[in-house]
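*Asks:* Below you will find the structure I want to go over with you.
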Amino acid sequence: MSDFETVWHVEPAGRTGADRVLVLTPGDVTVLVVADGAGNSRRGAEAAEAVLHGVQDAVEAGADVEREETWREVLVRCDAELVASGQGGETTAVVACVTPRRVVGASVGDSELWLFQGSEATALTEHQHRKPLLGSGQARPVTFERVWRGGVLLGASDGLFKYVDLRRIQEHVTIADAHAAVLALAALPRLASGALPDDVGLVLCRPSAPRP
């Protein structure tokens with residue numbers, strides 16, 4: 001049983017989208033993945049899917065998920081495998097392993113992971129390289145580590161962070177119902193016409209409420 005309540009949602013801007021989200025719960029930790037395929041294209045979507053498969057394969061193979069360098073190595077391997085496949089797609093990626101004590105992971109691109117604690121908001125992915133992306137053969141994933149004693153983690157593609165002010169995001173991550181919070185967050189970038197300017201993929205993770 002995970003110590004965390006984790007909810008995710010993907011909202012494509014058109015008929016098809018290239019944002020992908022994955023949540024895994026090996027043992028008593030939770031692994032979060034957000035990938036945004038470049039150009040909202042079929043190739044981008046396939047590249048994002050390849051990252052999800054790469055992370056899942058690493059977890060199933062018994063990788064040390066609580067070591068941030070593990071995730072840098074996984075993303076470097078995804079970059080090389082995408083190039084070797086000749087598929088041609090590129091993607092961002094954020095991978096985070098959440099434990100009761102800390103959050104560790106690695107990222108590349110402009111998808112982001114934030115920690116919200118009270119009035120404070122911290123970008124765990126602030127030092128990542130936005131380019132080159134995975135699939136270029138030149139990606140440079142950057143690791144992160146953060147002590148965590150509560151709060152809300154929010155990982156999302158630029159379809160959320162590029163179009164919505166951080167203060168508005170912060171107002172919604174604390175909605176009591178996590179499912180309602182995620183749906184409300186995904187709706188924030190909508191234009192007056194009702195259309196989305198970009199795909200939105202996001203995942204929200206917070207400590208589970210104590211059992212009565």
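Naming works like this for the structure tokens: A, B, ... for the chains as they're shown, residue 1 at the start of each chain, ligands 1 onward in shown order.
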Using only C-alpha atoms, which residues sit within 6 Å of Cys205 of chain A once same-chain residues fewer than 6 positions away are excluded, as a ChimeraX atom specification?

*Replies:* /A:5-6,152-153

*Asks:* How would the residues just chosen look if you wrote them out with all heavy atoms as a short mmCIF file (atom, residue, chain, number, x, y, z; two decimals), in the first residue's frame?

*Replies:*
data_model
loop_
_atom_site.label_atom_id
_atom_site.label_comp_id
_atom_site.auth_asym_id
_atom_site.auth_seq_id
_atom_site.Cartn_x
_atom_site.Cartn_y
_atom_site.Cartn_z
N GLU A 5 -1.15 9.56 -2.10
CA GLU A 5 -2.32 9.66 -2.97
C GLU A 5 -1.84 10.29 -4.28
O GLU A 5 -1.31 11.40 -4.27
CB GLU A 5 -3.39 10.54 -2.32
CG GLU A 5 -4.64 10.71 -3.15
CD GLU A 5 -5.66 11.60 -2.47
OE1 GLU A 5 -5.26 12.44 -1.64
OE2 GLU A 5 -6.85 11.46 -2.78
N THR A 6 -2.00 9.57 -5.36
CA THR A 6 -1.46 10.03 -6.64
C THR A 6 -2.55 9.97 -7.70
O THR A 6 -3.20 8.95 -7.88
CB THR A 6 -0.27 9.15 -7.07
OG1 THR A 6 0.67 9.07 -6.01
CG2 THR A 6 0.40 9.74 -8.31
N VAL A 152 2.57 19.08 -1.59
CA VAL A 152 2.01 18.52 -2.81
C VAL A 152 3.04 18.59 -3.92
O VAL A 152 3.62 19.65 -4.17
CB VAL A 152 0.74 19.28 -3.25
CG1 VAL A 152 0.16 18.67 -4.51
CG2 VAL A 152 -0.31 19.29 -2.14
N LEU A 153 3.27 17.47 -4.58
CA LEU A 153 4.13 17.44 -5.76
C LEU A 153 3.25 17.53 -6.99
O LEU A 153 2.23 16.83 -7.09
CB LEU A 153 4.93 16.15 -5.81
CG LEU A 153 6.11 16.03 -4.85
CD1 LEU A 153 6.55 14.59 -4.76
CD2 LEU A 153 7.26 16.92 -5.30
#

*Asks:* Just list as a ChimeraX atom specification whatever in chain A DSSP marks as strand (DSSP E).

*Replies:* /A:4-11,19-24,30-36,93-98,102-108,112-117,120-123,142-147,152-156,200-207

*Asks:* In terms of the shortest atom-to-atom distance over only C-alpha atoms, which of A:Val76, A:Leu134, A:Ala178, A:Val103 is closest to Leu204 of chain A?

*Replies:*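 Of A:Val76, A:Leu134, A:Ala178, A:Val103, the one nearest Leu204 of chain A is A:Ala178, counting only C-alpha atoms.
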
*Asks:* Between A:Ala84, A:Ala139, A:Val7, A:Ala35, which is the closest to Arg20 of chain A once you count only C-alpha atoms?

*Replies:*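 Answer, going by the shortest atom-to-atom distance: A:Ala35.
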
*Asks:* Find, counting only C-alpha atoms, the residue in A:Gly105, A:Ser136, A:Val59, A:Ser193 that gets nearest to Glu81 of chain A.

*Replies:*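 Of A:Gly105, A:Ser136, A:Val59, A:Ser193, the one nearest Glu81 of chain A is A:Ser136, counting only C-alpha atoms.
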
*Asks:* Taking 4 positions as the minimum chain separation for residues in the same chain, which residues sit within 8 Å of Leu115 of chain A when counting only C-alpha atoms? Answer as a ChimeraX atom specification.

*Replies:* /A:121-124,151-154

*Asks:* Those same residues, written as a PDB file, in the first residue's frame with N, CA and C atoms?

*Replies:*
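The result, written out as result_36.pdb:
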ATOM      1  N   ALA A 121       6.587  27.583  -3.083  1.00  0.00           N
ATOM      2  CA  ALA A 121       6.577  26.762  -4.299  1.00  0.00           C
ATOM      3  C   ALA A 121       8.011  26.632  -4.790  1.00  0.00           C
ATOM      4  N   THR A 122       8.467  25.402  -4.969  1.00  0.00           N
ATOM      5  CA  THR A 122       9.853  25.137  -5.352  1.00  0.00           C
ATOM      6  C   THR A 122       9.893  24.282  -6.606  1.00  0.00           C
ATOM      7  N   ALA A 123      10.618  24.743  -7.612  1.00  0.00           N
ATOM      8  CA  ALA A 123      10.786  23.972  -8.841  1.00  0.00           C
ATOM      9  C   ALA A 123      11.942  22.998  -8.654  1.00  0.00           C
ATOM     10  N   LEU A 124      11.648  21.720  -8.556  1.00  0.00           N
ATOM     11  CA  LEU A 124      12.700  20.724  -8.390  1.00  0.00           C
ATOM     12  C   LEU A 124      13.505  20.549  -9.673  1.00  0.00           C
ATOM     13  N   GLY A 151       3.401  18.216   1.813  1.00  0.00           N
ATOM     14  CA  GLY A 151       3.150  19.152   0.740  1.00  0.00           C
ATOM     15  C   GLY A 151       2.561  18.429  -0.453  1.00  0.00           C
ATOM     16  N   VAL A 152       2.573  19.080  -1.589  1.00  0.00           N
ATOM     17  CA  VAL A 152       2.008  18.519  -2.811  1.00  0.00           C
ATOM     18  C   VAL A 152       3.042  18.588  -3.921  1.00  0.00           C
ATOM     19  N   LEU A 153       3.268  17.473  -4.576  1.00  0.00           N
ATOM     20  CA  LEU A 153       4.126  17.442  -5.759  1.00  0.00           C
ATOM     21  C   LEU A 153       3.249  17.529  -6.991  1.00  0.00           C
ATOM     22  N   LEU A 154       3.647  18.358  -7.939  1.00  0.00           N
ATOM     23  CA  LEU A 154       2.917  18.476  -9.197  1.00  0.00           C
ATOM     24  C   LEU A 154       3.901  18.413 -10.353  1.00  0.00           C
TER      25      LEU A 154
END

*Asks:* Quick one: residues within 10 Å of Thr16 of chain A, only C-alpha atoms, excluding same-chain residues fewer than 4 positions away - as a PyMOL selection string?

*Replies:* chain A and resi 11-12+40-42+45+199

*Asks:* Skipping near chain neighbours, those fewer than 2 positions away, what residues fall within 7 Å of Val98 of chain A using only C-alpha atoms, listed as a VMD selection string?

*Replies:* chain A and resid 29 to 31 96 100 102 to 104

*Asks:* Take the residues from that selection and write them out as a short mmCIF file (atom, residue, chain, number, x, y, z; two decimals), in the first residue's frame, keeping all heavy atoms.

*Replies:*
data_model
loop_
_atom_site.label_atom_id
_atom_site.label_comp_id
_atom_site.auth_asym_id
_atom_site.auth_seq_id
_atom_site.Cartn_x
_atom_site.Cartn_y
_atom_site.Cartn_z
N VAL A 29 7.38 2.94 -2.42
CA VAL A 29 7.68 4.22 -3.07
C VAL A 29 6.77 4.40 -4.27
O VAL A 29 6.11 3.46 -4.71
CB VAL A 29 9.16 4.31 -3.51
CG1 VAL A 29 10.08 4.03 -2.34
CG2 VAL A 29 9.45 3.36 -4.66
N THR A 30 6.74 5.62 -4.78
CA THR A 30 5.95 5.93 -5.97
C THR A 30 6.87 6.57 -7.01
O THR A 30 7.63 7.49 -6.67
CB THR A 30 4.79 6.88 -5.63
OG1 THR A 30 3.89 6.21 -4.73
CG2 THR A 30 4.02 7.29 -6.88
N VAL A 31 6.80 6.10 -8.23
CA VAL A 31 7.59 6.66 -9.32
C VAL A 31 6.65 7.38 -10.27
O VAL A 31 5.65 6.82 -10.75
CB VAL A 31 8.37 5.56 -10.08
CG1 VAL A 31 9.10 6.15 -11.28
CG2 VAL A 31 9.36 4.87 -9.14
N ALA A 96 10.50 10.99 -11.31
CA ALA A 96 10.72 11.25 -9.89
C ALA A 96 10.33 10.04 -9.07
O ALA A 96 9.29 9.43 -9.31
CB ALA A 96 9.91 12.46 -9.43
N PRO A 100 8.79 8.40 1.61
CA PRO A 100 8.31 9.19 2.75
C PRO A 100 9.30 10.24 3.23
O PRO A 100 8.93 11.13 3.99
CB PRO A 100 8.06 8.13 3.83
CG PRO A 100 7.80 6.86 3.08
CD PRO A 100 8.73 6.94 1.90
N ARG A 102 12.04 11.70 0.94
CA ARG A 102 12.62 12.59 -0.05
C ARG A 102 12.08 12.28 -1.44
O ARG A 102 11.41 11.28 -1.66
CB ARG A 102 14.15 12.48 -0.04
CG ARG A 102 14.68 11.12 -0.40
CD ARG A 102 16.18 11.00 -0.19
NE ARG A 102 16.68 9.73 -0.71
CZ ARG A 102 17.69 9.60 -1.54
NH1 ARG A 102 18.34 10.67 -1.97
NH2 ARG A 102 18.08 8.42 -1.98
N VAL A 103 12.44 13.17 -2.35
CA VAL A 103 12.09 13.02 -3.76
C VAL A 103 13.39 13.07 -4.55
O VAL A 103 14.20 13.99 -4.36
CB VAL A 103 11.15 14.15 -4.24
CG1 VAL A 103 10.74 13.93 -5.69
CG2 VAL A 103 9.94 14.27 -3.34
N VAL A 104 13.63 12.09 -5.41
CA VAL A 104 14.82 12.09 -6.26
C VAL A 104 14.40 11.80 -7.69
O VAL A 104 13.38 11.17 -7.94
CB VAL A 104 15.86 11.04 -5.80
CG1 VAL A 104 16.26 11.27 -4.36
CG2 VAL A 104 15.32 9.62 -5.98
#

*Asks:* One decimal, Å: what's the distance from atom CA of Trp8 of chain A over to atom CA of Val83 of chain A, could you say?

*Replies:* 28.8 Å

*Asks:* Determine the nearest neighbour of Arg190 of chain A from the options A:Pro26, A:Ala63, A:Glu145, A:Leu160, counting only C-alpha atoms.

*Replies:* A:Leu160
